[in-house]
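Student: Just one file: work23.txt, with compact mmCIF, N, CA and C atoms.
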# COMPACT_ATOMS: atom_id res chain seq x y z
N MET Y 24 113.05 24.20 114.74
CA MET Y 24 112.68 23.39 115.84
C MET Y 24 113.88 22.50 116.17
N PHE Y 25 114.17 22.37 117.44
CA PHE Y 25 115.34 21.63 117.89
C PHE Y 25 114.95 20.58 118.92
N ASP Y 26 115.71 19.49 118.95
CA ASP Y 26 115.48 18.49 120.00
C ASP Y 26 116.26 18.88 121.25
N ARG Y 27 116.21 18.06 122.27
CA ARG Y 27 116.85 18.42 123.54
C ARG Y 27 118.37 18.46 123.47
N TRP Y 28 118.95 17.91 122.41
CA TRP Y 28 120.39 17.95 122.23
C TRP Y 28 120.82 19.11 121.31
N GLY Y 29 119.84 19.90 120.87
CA GLY Y 29 120.15 21.04 120.02
C GLY Y 29 120.22 20.73 118.54
N GLU Y 30 119.82 19.52 118.15
CA GLU Y 30 119.84 19.15 116.74
C GLU Y 30 118.61 19.74 116.04
N LEU Y 31 118.83 20.35 114.88
CA LEU Y 31 117.73 20.93 114.11
C LEU Y 31 116.83 19.82 113.59
N ILE Y 32 115.56 19.88 113.95
CA ILE Y 32 114.58 18.86 113.59
C ILE Y 32 113.68 19.33 112.45
N PHE Y 33 113.35 20.62 112.44
CA PHE Y 33 112.45 21.16 111.42
C PHE Y 33 112.75 22.63 111.21
N GLU Y 34 112.66 23.04 109.93
CA GLU Y 34 112.88 24.44 109.58
C GLU Y 34 112.09 24.75 108.32
N THR Y 35 111.52 25.93 108.24
CA THR Y 35 110.79 26.32 107.04
C THR Y 35 110.75 27.84 106.93
N THR Y 36 110.58 28.32 105.71
CA THR Y 36 110.30 29.74 105.48
C THR Y 36 108.91 29.91 104.90
N ASP Y 37 108.17 28.82 104.75
CA ASP Y 37 106.83 28.81 104.19
C ASP Y 37 105.81 28.81 105.33
N ILE Y 38 105.05 29.89 105.48
CA ILE Y 38 104.10 29.99 106.59
C ILE Y 38 102.96 28.98 106.49
N ARG Y 39 102.79 28.37 105.33
CA ARG Y 39 101.73 27.36 105.16
C ARG Y 39 102.20 25.95 105.52
N LYS Y 40 103.49 25.79 105.75
CA LYS Y 40 104.05 24.46 106.03
C LYS Y 40 104.29 24.31 107.53
N GLY Y 41 103.62 23.35 108.13
CA GLY Y 41 103.79 23.08 109.55
C GLY Y 41 104.58 21.80 109.78
N TRP Y 42 104.97 21.61 111.01
CA TRP Y 42 105.72 20.41 111.38
C TRP Y 42 104.75 19.28 111.65
N ASP Y 43 105.03 18.10 111.13
CA ASP Y 43 104.13 16.94 111.28
C ASP Y 43 104.58 15.93 112.33
N GLY Y 44 105.56 16.29 113.15
CA GLY Y 44 106.01 15.39 114.22
C GLY Y 44 106.98 14.32 113.75
N THR Y 45 107.56 14.52 112.56
CA THR Y 45 108.52 13.55 112.04
C THR Y 45 109.90 14.18 111.90
N TYR Y 46 110.89 13.31 111.78
CA TYR Y 46 112.26 13.73 111.50
C TYR Y 46 112.88 12.69 110.58
N LYS Y 47 113.36 13.15 109.45
CA LYS Y 47 113.93 12.26 108.42
C LYS Y 47 112.94 11.17 108.04
N GLY Y 48 111.66 11.54 107.96
CA GLY Y 48 110.61 10.61 107.52
C GLY Y 48 110.09 9.66 108.57
N LYS Y 49 110.58 9.75 109.80
CA LYS Y 49 110.13 8.84 110.86
C LYS Y 49 109.40 9.61 111.95
N LEU Y 50 108.33 8.98 112.48
CA LEU Y 50 107.60 9.59 113.59
C LEU Y 50 108.50 9.67 114.82
N LEU Y 51 108.48 10.81 115.48
CA LEU Y 51 109.27 10.97 116.70
C LEU Y 51 108.47 10.53 117.91
N ASP Y 52 109.16 10.09 118.94
CA ASP Y 52 108.53 9.73 120.20
C ASP Y 52 108.09 10.99 120.93
N GLN Y 53 107.26 10.81 121.94
CA GLN Y 53 106.86 11.93 122.78
C GLN Y 53 108.11 12.59 123.34
N ALA Y 54 108.11 13.92 123.30
CA ALA Y 54 109.25 14.67 123.81
C ALA Y 54 108.91 16.16 123.79
N VAL Y 55 109.80 16.94 124.38
CA VAL Y 55 109.67 18.39 124.34
C VAL Y 55 110.69 18.91 123.33
N PHE Y 56 110.24 19.80 122.47
CA PHE Y 56 111.07 20.40 121.44
C PHE Y 56 111.09 21.91 121.60
N VAL Y 57 112.23 22.50 121.34
CA VAL Y 57 112.42 23.94 121.47
C VAL Y 57 112.26 24.58 120.11
N TYR Y 58 111.63 25.76 120.06
CA TYR Y 58 111.54 26.47 118.79
C TYR Y 58 112.05 27.89 118.92
N HIS Y 59 112.50 28.42 117.79
CA HIS Y 59 112.89 29.82 117.67
C HIS Y 59 112.21 30.34 116.41
N LEU Y 60 111.35 31.31 116.56
CA LEU Y 60 110.58 31.87 115.46
C LEU Y 60 111.09 33.26 115.15
N GLU Y 61 111.36 33.52 113.89
CA GLU Y 61 111.70 34.86 113.42
C GLU Y 61 110.78 35.17 112.25
N ALA Y 62 110.09 36.30 112.32
CA ALA Y 62 109.17 36.69 111.25
C ALA Y 62 109.32 38.18 110.98
N THR Y 63 109.20 38.55 109.73
CA THR Y 63 109.20 39.96 109.34
C THR Y 63 107.83 40.28 108.78
N CYS Y 64 107.15 41.23 109.41
CA CYS Y 64 105.80 41.63 108.99
C CYS Y 64 105.86 42.50 107.74
N LEU Y 65 104.71 42.73 107.15
CA LEU Y 65 104.63 43.56 105.94
C LEU Y 65 105.14 44.97 106.17
N ASN Y 66 105.03 45.46 107.41
CA ASN Y 66 105.53 46.80 107.73
C ASN Y 66 107.01 46.78 108.13
N HIS Y 67 107.67 45.64 107.89
CA HIS Y 67 109.10 45.42 108.15
C HIS Y 67 109.45 45.30 109.63
N GLN Y 68 108.43 45.18 110.48
CA GLN Y 68 108.69 44.95 111.89
C GLN Y 68 109.11 43.50 112.07
N VAL Y 69 110.19 43.29 112.81
CA VAL Y 69 110.70 41.94 113.05
C VAL Y 69 110.12 41.42 114.36
N TYR Y 70 109.68 40.18 114.32
CA TYR Y 70 109.06 39.52 115.47
C TYR Y 70 109.88 38.27 115.77
N GLU Y 71 110.28 38.09 117.02
CA GLU Y 71 111.02 36.90 117.43
C GLU Y 71 110.35 36.30 118.66
N LYS Y 72 110.31 34.98 118.70
CA LYS Y 72 109.72 34.29 119.85
C LYS Y 72 110.44 32.95 120.02
N ASN Y 73 110.67 32.58 121.26
CA ASN Y 73 111.24 31.29 121.63
C ASN Y 73 110.27 30.59 122.55
N GLY Y 74 110.29 29.28 122.52
CA GLY Y 74 109.43 28.52 123.42
C GLY Y 74 109.64 27.04 123.23
N ASN Y 75 108.69 26.26 123.71
CA ASN Y 75 108.80 24.82 123.54
C ASN Y 75 107.43 24.25 123.18
N ILE Y 76 107.49 23.11 122.54
CA ILE Y 76 106.30 22.37 122.12
C ILE Y 76 106.45 20.95 122.63
N THR Y 77 105.40 20.44 123.27
CA THR Y 77 105.41 19.07 123.75
C THR Y 77 104.67 18.19 122.75
N LEU Y 78 105.37 17.22 122.20
CA LEU Y 78 104.77 16.27 121.27
C LEU Y 78 104.20 15.12 122.08
N ILE Y 79 102.89 14.92 121.95
CA ILE Y 79 102.20 13.85 122.68
C ILE Y 79 101.61 12.88 121.67
N ARG Y 80 101.89 11.62 121.83
CA ARG Y 80 101.37 10.60 120.92
C ARG Y 80 100.38 9.73 121.66
Could you write out this structure as structure tokens?
Tutor:
Amino acid sequence: MFDRWGELIFETTDIRKGWDGTYKGKLLDQAVFVYHLEATCLNHQVYEKNGNITLIR
């Protein structure tokens, strides 16, 4: 997950771990964040998706 300046805000390889709207332990203000998702399925098919998430407080 990246902010509007391209800084990495959140990253994980654990499908059970989600983003909680914080960065470096601090709550972020409302904003739009860009994500890039890469996943490999059990059948080895690679799935990629890009989009944005709007954080609303």
Student: Could you check how far CA of Phe56 in chain Y sits from CA of Asp26 in chain Y, in Å to one decimal?
Tutor: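 So the answer is 5.0 Å.
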Student: Considering only C-alpha atoms, state which residue in the set Y:Thr63, Y:Gln68, Y:Thr77, Y:Gln53 is at the smallest distance from Thr36 in chain Y.
Tutor: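 Checking each candidate against Thr36 in chain Y, we get Y:Thr63 as the closest.
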Student: Considering only strand (DSSP E) as DSSP defines it on the backbone, what residues of chain Y qualify? List them as a PyMOL selection string.
Tutor: chain Y and resi 45-46+49-50+54-63+69-78
Student: Could you state the separation of atom N of Tyr46 in chain Y and CA of Glu71 in chain Y in Å, given to one decimal place?
Tutor: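 Separation of atom N of Tyr46 in chain Y and CA of Glu71 in chain Y: 24.3 Å.
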Student: Would you list the contacts of Trp28 in chain Y as number ranges by chain, taking every protein, DNA or RNA residue within 12 Å and counting only C-alpha atoms, but skipping same-chain residues closer than 3 positions in sequence?
Tutor: Y: 24-25, 31-32, 54-57
Student: Which one is closest to Ile76 in chain Y: Y:Tyr58, Y:Lys49, Y:Cys64, Y:Glu34? Count all atoms listed in the file.
Tutor: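 The closest residue to Ile76 in chain Y is Y:Tyr58.
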Student: As an exercise, work out the distance from CA of Leu60 in chain Y to atom C of Gly44 in chain Y in Å and give it to one decimal place.
Tutor: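 Going from CA of Leu60 in chain Y over to atom C of Gly44 in chain Y, I get 18.0 Å.
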Student: So, with all atoms listed in the file as the atoms that count, which of Y:Lys40, Y:Phe33, Y:Asp52, Y:Lys47 lies closest to Arg80 in chain Y?
Tutor: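 The closest residue to Arg80 in chain Y is Y:Asp52.
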Student: Just save range 48-62 of chain Y with N, CA and C atoms, as a compact mmCIF listing (two decimals), in the first residue's frame.
Tutor:
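So the final result, stored in selection.txt, reads:
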# COMPACT_ATOMS: atom_id res chain seq x y z
N GLY Y 48 2.89 3.30 13.58
CA GLY Y 48 2.18 3.35 14.86
C GLY Y 48 1.23 4.52 15.04
N LYS Y 49 1.08 5.36 14.04
CA LYS Y 49 0.19 6.52 14.16
C LYS Y 49 -0.97 6.41 13.18
N LEU Y 50 -2.17 6.83 13.65
CA LEU Y 50 -3.34 6.85 12.78
C LEU Y 50 -3.12 7.84 11.64
N LEU Y 51 -3.46 7.43 10.43
CA LEU Y 51 -3.34 8.32 9.28
C LEU Y 51 -4.61 9.12 9.10
N ASP Y 52 -4.48 10.30 8.53
CA ASP Y 52 -5.64 11.13 8.20
C ASP Y 52 -6.37 10.53 7.01
N GLN Y 53 -7.58 11.01 6.78
CA GLN Y 53 -8.33 10.59 5.61
C GLN Y 53 -7.51 10.87 4.37
N ALA Y 54 -7.49 9.90 3.47
CA ALA Y 54 -6.73 10.04 2.23
C ALA Y 54 -7.03 8.86 1.32
N VAL Y 55 -6.53 8.94 0.10
CA VAL Y 55 -6.63 7.84 -0.84
C VAL Y 55 -5.26 7.17 -0.92
N PHE Y 56 -5.26 5.86 -0.84
CA PHE Y 56 -4.04 5.07 -0.89
C PHE Y 56 -4.11 4.09 -2.05
N VAL Y 57 -2.99 3.88 -2.69
CA VAL Y 57 -2.89 2.99 -3.85
C VAL Y 57 -2.38 1.64 -3.38
N TYR Y 58 -2.92 0.56 -3.96
CA TYR Y 58 -2.41 -0.76 -3.61
C TYR Y 58 -2.03 -1.54 -4.87
N HIS Y 59 -1.10 -2.47 -4.67
CA HIS Y 59 -0.71 -3.42 -5.71
C HIS Y 59 -0.72 -4.78 -5.04
N LEU Y 60 -1.55 -5.67 -5.52
CA LEU Y 60 -1.71 -7.00 -4.95
C LEU Y 60 -1.13 -8.02 -5.91
N GLU Y 61 -0.29 -8.89 -5.38
CA GLU Y 61 0.22 -10.04 -6.13
C GLU Y 61 -0.05 -11.28 -5.30
N ALA Y 62 -0.69 -12.27 -5.90
CA ALA Y 62 -0.99 -13.51 -5.19
C ALA Y 62 -0.74 -14.69 -6.11
